[in-house]
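Asks: Mind looking over this structure? Questions follow.
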Amino acid sequence: MVEELLYSQAGLLNFGIFFLLATVLLLVVLGFVTYAILAERKVMGFMQLRQGPNQVGGRWGLLQTVADVLKLLLKEDAIPKLADRPLFILAPVIAFAPAFMVLATIPFTDKLQFADIGVGLLYYIAISGLTTVGIVTGAWASNNKYALLGGMRAAAQMISYEIPLVMSVLGIVLLTGSLNLNEIVEVQKNGWFIIWQPVAFIVFLIASTAELNRVPFDLPEAESELVAGFHVEYSGFRWAFFMLAEYVYFFAMASLTTVLFLGGWLPLPFLDFIPGAVWFALKFTVVIFILIWFRSTFPRLRADQLMEFGWKVLLPVALANIFLTAILKELLNIF
Amino acid sequence: MSGEKDLEQLKKEAAAKAKEAALAKMNAKQQGEAKEESPAEDMDLAKQKAAAAAKAKAAALAKQKAQEQGEGKEESPEENPDLAKQKAAAAAKAKAAAAAKAKQAGGAGDDEKAKAIAAAKAKAAAAAKAKAAAQAKQAGSAGGDDEKAKAIAAAKAKAAAAAKAKLAASGGAGGDDEKAKAIAAAKAKAAAAAAAKAKAAGTKAEAEPQEEKAPSVNQPYLDKYIKVIEENLGSDVLEDSYINNLSKEVPTLVAKADSYYKLAEFLKYNEQLGFEYLSELHGTDFETHMEVYVHLYSYKNRQSVALKVKIDRDEPVIDSLQPLWAGANWPECEAYDLLGIKFKGHPNLHRIMLGDDWVGHPLRKDYEPYDVEV
Amino acid sequence: MLRTEEMLLNVGPQHPSTHGVFRLVLKIDGEIIKEAKPVIGYLHRGTEKLAENLQYTQIIPYTDRMDYLAAMTNNYILVHAVETMMDIKIPDRAEYLRIITMELGRIASHLVWWGTYLLDIGATSPFLYAFREREMIINMLNEISGGRLTFNYMRVGGVKWDAPEGWIEKVKEFIPYMREQLEGYHQLVTGNEIFMNRVKGVGKYTKDDALNYSLSGANLRCTGEKWDLRKDEPYSIYDRFDFDVAVQEGGDAWSRYHVRMKEIEESLKILEQAARQFPSEGDILAKVPKIIKAPKGEAFVRIESPRGEIGCYIASDGKKEPYRLKFRRPSFYNLQILPKLLEGENIANLIAILGAIDIVLGEVDG
């Protein structure tokens with residue numbers, strides 16, 4: 001359906017349809033973010049011997065995040081006097097837009113995908129790198145020293161971890177022979193890549209956590225050191241945009257992990273009567289849970305240790321993985 | 001039940017006798033005081049009397065304890081006869097001693113010697129009593145046999161621990177050394193006792209002050225400090241030196257203001273003293289003068305010393321100890337902030353607690369709040 | 001040509017990791033600290049000045065507010081100083097109650113330290129685990145004293161309230177439970193690679209430095225100096241208990257962490273013995289005069305608080321108020337070494353170093 005639209009003539013009607021679909025996706029994503037935050041708070045509450053939200057919206061606190069978002073939207077829009085006003089306003093948008101853009105290529109099932117781009121994986125990684133520009137912009141525009149330190153940390157971290165992230169998936173690309181996410185999923189009918197590429201999976205998981213700025217790599221906003229890091233001067237809906245970007249990335253990265261390593265919508269053997277969307281949701285939930293689990297377990301790394309780990313451990317491991325994969329592939333081809 | 005009655009009677013008797021004795025002692029004391037007032041008497045006499053008074057106090061305390069013990073018994077009627085007997089024995093001893101003392105004290109008002117004898121005896125008795133009482137109390141407070149045993153064991157352990165602690169306190173480094181010291185201490189005590197006896201026999205009254213100080217285990221240290229200081233810095237650096245009995249018998253040195261830094265430096269770097277740790281530094285406004293109190297500790301020798309210096313109140317300036325102990329930095333700032341004492345040579349003397357624009361130094365006794373309304 | 005500029009960063013007095021109203025003015029180059037200047041005094045309440053117009057018993061509540069995480073030891077240092085001057089013999093039961101409450105307080109204080117330190121390092125969960133156990137201790141102390149943080153429990157000559165029915169049993173039950181939890185703490189945190197990387201070799205100093213800067217408590221014991229006033233200058237009835245002094249050799253934050261964790265264990269040992277030996281009856285208050293007047297003279301005593309050596313100096317002119325009261329507050333002394341430790345470290349280490357010193361601002365500012 002989307003495929004046809006993509007190749008049809010550009011026109012007002014098509015634009016309208018696209019706009020509508022995008023809005024629907026945005027709402028779905030917002031719904032996810034709402035409940036991802038709730039889930040995170042609930043899971044962390046469970047792990048930390050507390051209740052989590054349990055007042056607004058019944059005993060599960062189902063409307064807690066909704067109430068929080070409403071509160072954020074109603075808050076006064078405070079911009080520091082000495083801030084760089086245009087940049088300050090622009091930064092959350094720069095941070096959020098790419099987060100939403102990357103969702104276009106993710107194949108949720110074999111039918112439900114917005115843009116089946118040939119270089120989907122490359123597209124994802126390239127676009128997601130843009131968010132850092134938004135973060136650094138916001139940090140700079142805030143005219144706050146903590147924010148500046150947070151922004152600088154974010155930039156350094158992004159550069160350091162983007163590389164192992166890309167390197168770790170190169171093994172998969174080698175085995176698939178394609179950058180198209182649909183094809184990557186199709187290849188996994190012979191076995192998920194988590195089995196064929198376990199080292200790559202571990203590197204990818206670590207690097208993706210760092211890319212998401214989540215514990216133990218939450219240095220850009222390290223609360224105990226930089227108070228709130230890059231968004232220290234933001235409040236209200238501008239701050240909400242940063243948070244939204246973070247959680248949309250959370251959604252996107254979990255989806256990408258599912259697609260790359262867990263076989264996307266593919267069912268387990270003998271269980272293919274369950275629809276693909278459910279399988280996807282299940283695997284996706286597991287990834288989300290693991291990331292939340294990380295958050296309530298680990299202390300934070302130090303900036304220099306983070307760099308050291310990224311460059312001296314993850315990158316060589318990822319490179320070794322590529323070589324090993326290439327050699328194995330060639331050997332298998334020979335026989 | 002008859003045993004209990006007996007006990008009660010005993011107790012009552014004990015109490016009555018104790019009272020009697022106290023009265024007698026009071027009389028004796030008054031007598032002593034009255035005599036002190038007479039200007040014609042010589043030094044020896046005065047000393048003797050003072051000692052007698054002190055002893056009387058100690059005896060009174062002991063008696064109080066005995067009384068308490070009696071009360072304790074009354075409250076716990078279910079305790080077993082052995083214990084009661086023990087207590088009774090202790091009480092009886094107390095009685096006897098008190099009675100003896102009372103008699104002698106009462107009878108020989110004019111005879112100094114007799115008084116001294118009585119006092120010495122009372123002291124010995126008091127010590128015995130105190131020990132017995134402590135043990136009895138320990139045992140008495142427990143319920144079952146088992147617990148009692150434990151309590152007794154605990155008491156014993158305590159005694160042992162105390163002894164050890166004393167040893168440790170008195171001992172400097174090696175075990176041999178400690179033993180030697182302990183022996184020395186024991187000897188000293190024995191000597192003191194002998195002296196007391198001698199005095200009681202009426203040979204010499206000069207032994208008295210020595211006996212007074214003998215209980216302080218820290219006296220040898222003070223003597224040592226003074227000796228070392230005088231050997232190296234001369235005899236005019238110290239204004240005063242004494243054992244502060246109120247403060248766990250800490251040896252206290254009072255330095256002269258101009259040699260304060262020199263003395264502190266010496267205390268830190270001298271090998272025999274080696275006070276490398278500054279535990280506390282603060283100032284006090286005594287209205288006649290300012291005083292800086294420094295508590296030093298030597299981890300090497302496990303000893304402490306208090307160093308004090310008196311300084312002029314109107315212009316309180318003194319050398320800073322910060323170059324010697326980095327830990328004196330903030331306390332000196334605090335003393336400056338709250339008392340206005342200026343420390344010469346301090347690298348960064350500033351108001352550490354109050355704002356830079358604060359007027360006056362609040363802990364001075366003549367401090368007037370800048371804004372009275374607040 | 002690349003040029004870097006130094007920048008001034010004002011950390012605090014409102015900052016999540018300064019544990020109160022503590023301010024640090026940092027001169028930083030990138031994230032490297034060139035110079036650190038601590039600024040204190042934001043919580044100075046003039047306790048010592050106030051005390052000069054208060055009777056001894058009235059001062060006790062003020063001591064609660066100095067080190068509000070271990071108020072029992074603060075209570076004790078004041079009454080201990082007065083008792084030393086007046087030469088009062090404390091009833092056994094009162095002594096045991098004092099020891100038990102103080103050691104519970106010590107455990108509670110170390111738990112807060114453990115939780116907040118891990119929070120500083122970035123781990124959120126341990127904080128809540130620590131507070132679960134601390135809550136139990138606070139409930140026990142609440143039951144006996146009527147206060148959760150500011151106990152106002154000790155009096156000159158003894159304690160104010162006797163242990164309620166079954167209280168000692170609660171303490172006894174708590175000991176094995178706490179041991180088990182402690183084991184869990186070690187499994188959760190102590191072996192964690194990230195945690196080790198964050199604290200090992202951080203904020204290192206030698207024994208000579210520690211003595212020179214008047215450090216005490218865990219900050220001193222982490223350098224290998226085996227020194228604990230409970231053991232070396234026993235006060236109260238600490239000489240009746242068998243326990244070890246926790247010592248480490250490293251002198252870094254990692255050693256301090258281990259010293260404090262070990263101290264919890266040792267406190268549990270003391271608690272166990274104290275609860276077992278606890279006299280079934282007896283007075284909780286010695287016979288003291290209605291109005292307490294310390295004799296003329298002065299005294300300085302020191303005891304071991306969870307944060308180090310807490311001392312109390314009283315100069316008395318024989319009246320019912322002290323002429324001059326001065327507390328040696330361990331946090332105040334311990335904090336002095338901070339500028340030296342921070343030089344050349346980065347900002348993330350600042351938090352790890354400051355946290356490991358374990359300060360309470362109420363005590364620093366007095």
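Please note that chains go A, B, ... in the order of the structure tokens, that every chain numbers its residues from 1, and that ligands are numbered from 1 in the order shown.
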Give me, as JSON lines, the closest atom pair and its distance (Å, one decimal) for every residue of range 98-121 of chain C within a cut-off of 10 Å of range 182-197 of chain C, counting only C-alpha atoms, rows sorted by chain and rising number.

Replies:
```
{"residue": "C:Leu111", "atom": "CA", "partner": "C:Leu182", "partner_atom": "CA", "distance": 9.9}
{"residue": "C:Trp114", "atom": "CA", "partner": "C:Tyr185", "partner_atom": "CA", "distance": 9.4}
{"residue": "C:Leu118", "atom": "CA", "partner": "C:Phe195", "partner_atom": "CA", "distance": 8.5}
{"residue": "C:Ile121", "atom": "CA", "partner": "C:Phe195", "partner_atom": "CA", "distance": 7.6}
```

Asks: Using only C-alpha atoms and a distance of at most 10 Å, pull out the residues of chain A that contact chain C, as a PDB file with C-alpha atoms, in the first residue's frame.

Replies:
```pdb
ATOM      1  CA  MET A  44      11.881   0.231  38.088  1.00  0.00           C
ATOM      2  CA  GLY A  45       9.441   0.503  40.932  1.00  0.00           C
ATOM      3  CA  MET A  47      12.937  -3.604  41.053  1.00  0.00           C
ATOM      4  CA  GLN A  48      13.374  -0.935  43.675  1.00  0.00           C
ATOM      5  CA  LEU A  49      10.752  -2.128  46.113  1.00  0.00           C
ATOM      6  CA  ARG A  50       8.283   0.611  45.463  1.00  0.00           C
ATOM      7  CA  ASN A 144      24.772  27.488  31.041  1.00  0.00           C
ATOM      8  CA  LYS A 145      28.012  25.807  32.052  1.00  0.00           C
ATOM      9  CA  TYR A 146      26.458  22.547  33.125  1.00  0.00           C
ATOM     10  CA  LEU A 149      29.548  20.309  29.653  1.00  0.00           C
ATOM     11  CA  MET A 152      30.165  18.369  24.894  1.00  0.00           C
ATOM     12  CA  ARG A 153      29.891  15.010  26.566  1.00  0.00           C
ATOM     13  CA  VAL A 215      22.321   4.254  32.165  1.00  0.00           C
ATOM     14  CA  PRO A 216      25.198   3.347  32.452  1.00  0.00           C
ATOM     15  CA  PHE A 217      26.061   5.786  29.666  1.00  0.00           C
ATOM     16  CA  ASP A 218      23.837   8.679  30.691  1.00  0.00           C
ATOM     17  CA  LEU A 219      26.717  11.099  31.001  1.00  0.00           C
ATOM     18  CA  ALA A 222      24.325  12.863  34.580  1.00  0.00           C
ATOM     19  CA  GLU A 223      22.104  14.070  37.312  1.00  0.00           C
ATOM     20  CA  SER A 224      24.499  13.803  40.187  1.00  0.00           C
ATOM     21  CA  GLU A 225      27.279  15.634  38.379  1.00  0.00           C
ATOM     22  CA  LEU A 226      25.801  18.018  35.836  1.00  0.00           C
ATOM     23  CA  VAL A 227      22.427  18.422  37.522  1.00  0.00           C
ATOM     24  CA  ALA A 228      20.511  17.736  34.307  1.00  0.00           C
ATOM     25  CA  PHE A 294      20.150  -1.893  32.923  1.00  0.00           C
ATOM     26  CA  ARG A 295      18.924   1.402  34.184  1.00  0.00           C
ATOM     27  CA  SER A 296      18.039   0.176  37.620  1.00  0.00           C
ATOM     28  CA  THR A 297      21.174  -1.920  38.017  1.00  0.00           C
ATOM     29  CA  PHE A 298      24.255  -0.096  36.859  1.00  0.00           C
ATOM     30  CA  PRO A 299      26.216   2.827  38.170  1.00  0.00           C
ATOM     31  CA  ARG A 300      27.387   5.422  35.694  1.00  0.00           C
ATOM     32  CA  LEU A 301      30.686   5.304  33.840  1.00  0.00           C
ATOM     33  CA  ARG A 302      33.116   8.158  33.946  1.00  0.00           C
ATOM     34  CA  ALA A 303      33.671  10.177  30.788  1.00  0.00           C
ATOM     35  CA  ASP A 304      37.253   9.040  30.230  1.00  0.00           C
ATOM     36  CA  GLN A 305      36.370   5.426  30.984  1.00  0.00           C
TER      37      GLN A 305
END
```

Asks: Within 10 Å of Ser255 in chain C, counting only C-alpha atoms, which residues qualify if same-chain residues fewer than 3 places away don't, as an NGL selection string?

Replies: :C and (199-202 or 204 or 218-219 or 221-224 or 247-252 or 258-261 or 356)

Asks: From a backbone DSSP assignment, name each residue in range 52-290 of chain A labelled alpha helix (DSSP H), as a PyMOL selection string.

Replies: chain A and resi 64-74+85-101+120-128+130-141+145-176+181-187+193-196+198-211+223-226+236-261+276-290

Asks: For Trp279 in chain A, list every protein, DNA or RNA residue within 12 Å, evaluated using only C-alpha atoms, and leave out those in the same chain fewer than 4 positions away; present the list as JSON, numbers by chain.

Replies: {"A": [108, 109, 110, 255, 258, 259, 262, 263, 264, 265, 266, 267, 268, 269, 271, 272, 273, 274, 275, 283, 284, 285, 286]}

Asks: Could you list, as a list in words, every residue within 12 Å of Glu76 in chain A, counting only C-alpha atoms and ignoring same-chain residues fewer than 4 positions away?

Replies: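 My list of contacting residues is Lys71, Leu72, Tyr234, Ser235, Gly236, Phe237, Arg238 and Trp239 of chain A.
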
Asks: Quick one: distance from CA of Phe250 in chain A to CA of Ser178 in chain A in Å, one decimal?

Replies: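 Atom-to-atom, CA of Phe250 in chain A and CA of Ser178 in chain A are spaced 24.7 Å apart.
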
Asks: Among range 78-289 of chain C, which residues does DSSP mark as strand (DSSP E) when it is run on the backbone? Keep the chain and numbering as in the structure and answer as a list in words.

Replies: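 Residues meeting the strand (DSSP E) criterion: Met154, Arg155, Gly158 and Val159 of chain C.
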
Asks: At what distance in Å, to one decimal, does CA of Lys287 in chain C lie from CA of Glu95 in chain C?

Replies: 14.3 Å

Asks: Should the cut-off be 7 Å, what would the residue list for chain C against chain B look like, counting only C-alpha atoms, as a list in words?

Replies: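 My answer is Ile40, Gly41, His44, Lys49, Thr84, Met85, Leu211, Asn212, Tyr213, Ser214, Asp239, Arg240, Pro279, Ser280, Glu281, Gly282, Glu298, Ala299, Phe300, Val301, Arg324, Arg328, Tyr333, Gln336 and Asp365 of chain C.
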
Asks: Pick the closest to Gln113 in chain A from A:Ala126, A:Ala277, A:Ile135, A:Ile37: which is it, counting only C-alpha atoms?

Replies: A:Ala277

Asks: CA of Leu296 in chain B and CA of Ile270 in chain C, how far apart in Å?

Replies: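 CA of Leu296 in chain B lies at a distance of 29.0 Å from CA of Ile270 in chain C.
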
Asks: Using only C-alpha atoms, which residue out of C:Ile284, C:Ala81, C:Leu268, C:Leu338 lies closest to Phe174 in chain C?

Replies: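 Checking each of C:Ile284, C:Ala81, C:Leu268, C:Leu338 against Phe174 in chain C, counting only C-alpha atoms, the winner is C:Leu268.
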
Asks: Please list as an MDAnalysis selection string every residue within 12 Å of Asp236 in chain B, counting only C-alpha atoms and excluding residues in the same chain fewer than 6 positions away.

Replies: chainID B and resid 226 229:230 254:260 262:263

Asks: Find the residues near range 147-154 of chain C: any atom within 12 Å, counting only C-alpha atoms, skip ones fewer than 6 places away on the same chain, and give them as an MDAnalysis selection string.

Replies: chainID C and resid 56:80 82:83 90 94:95 97:99 101:102 105 108:109 134:141 160:163 284:286
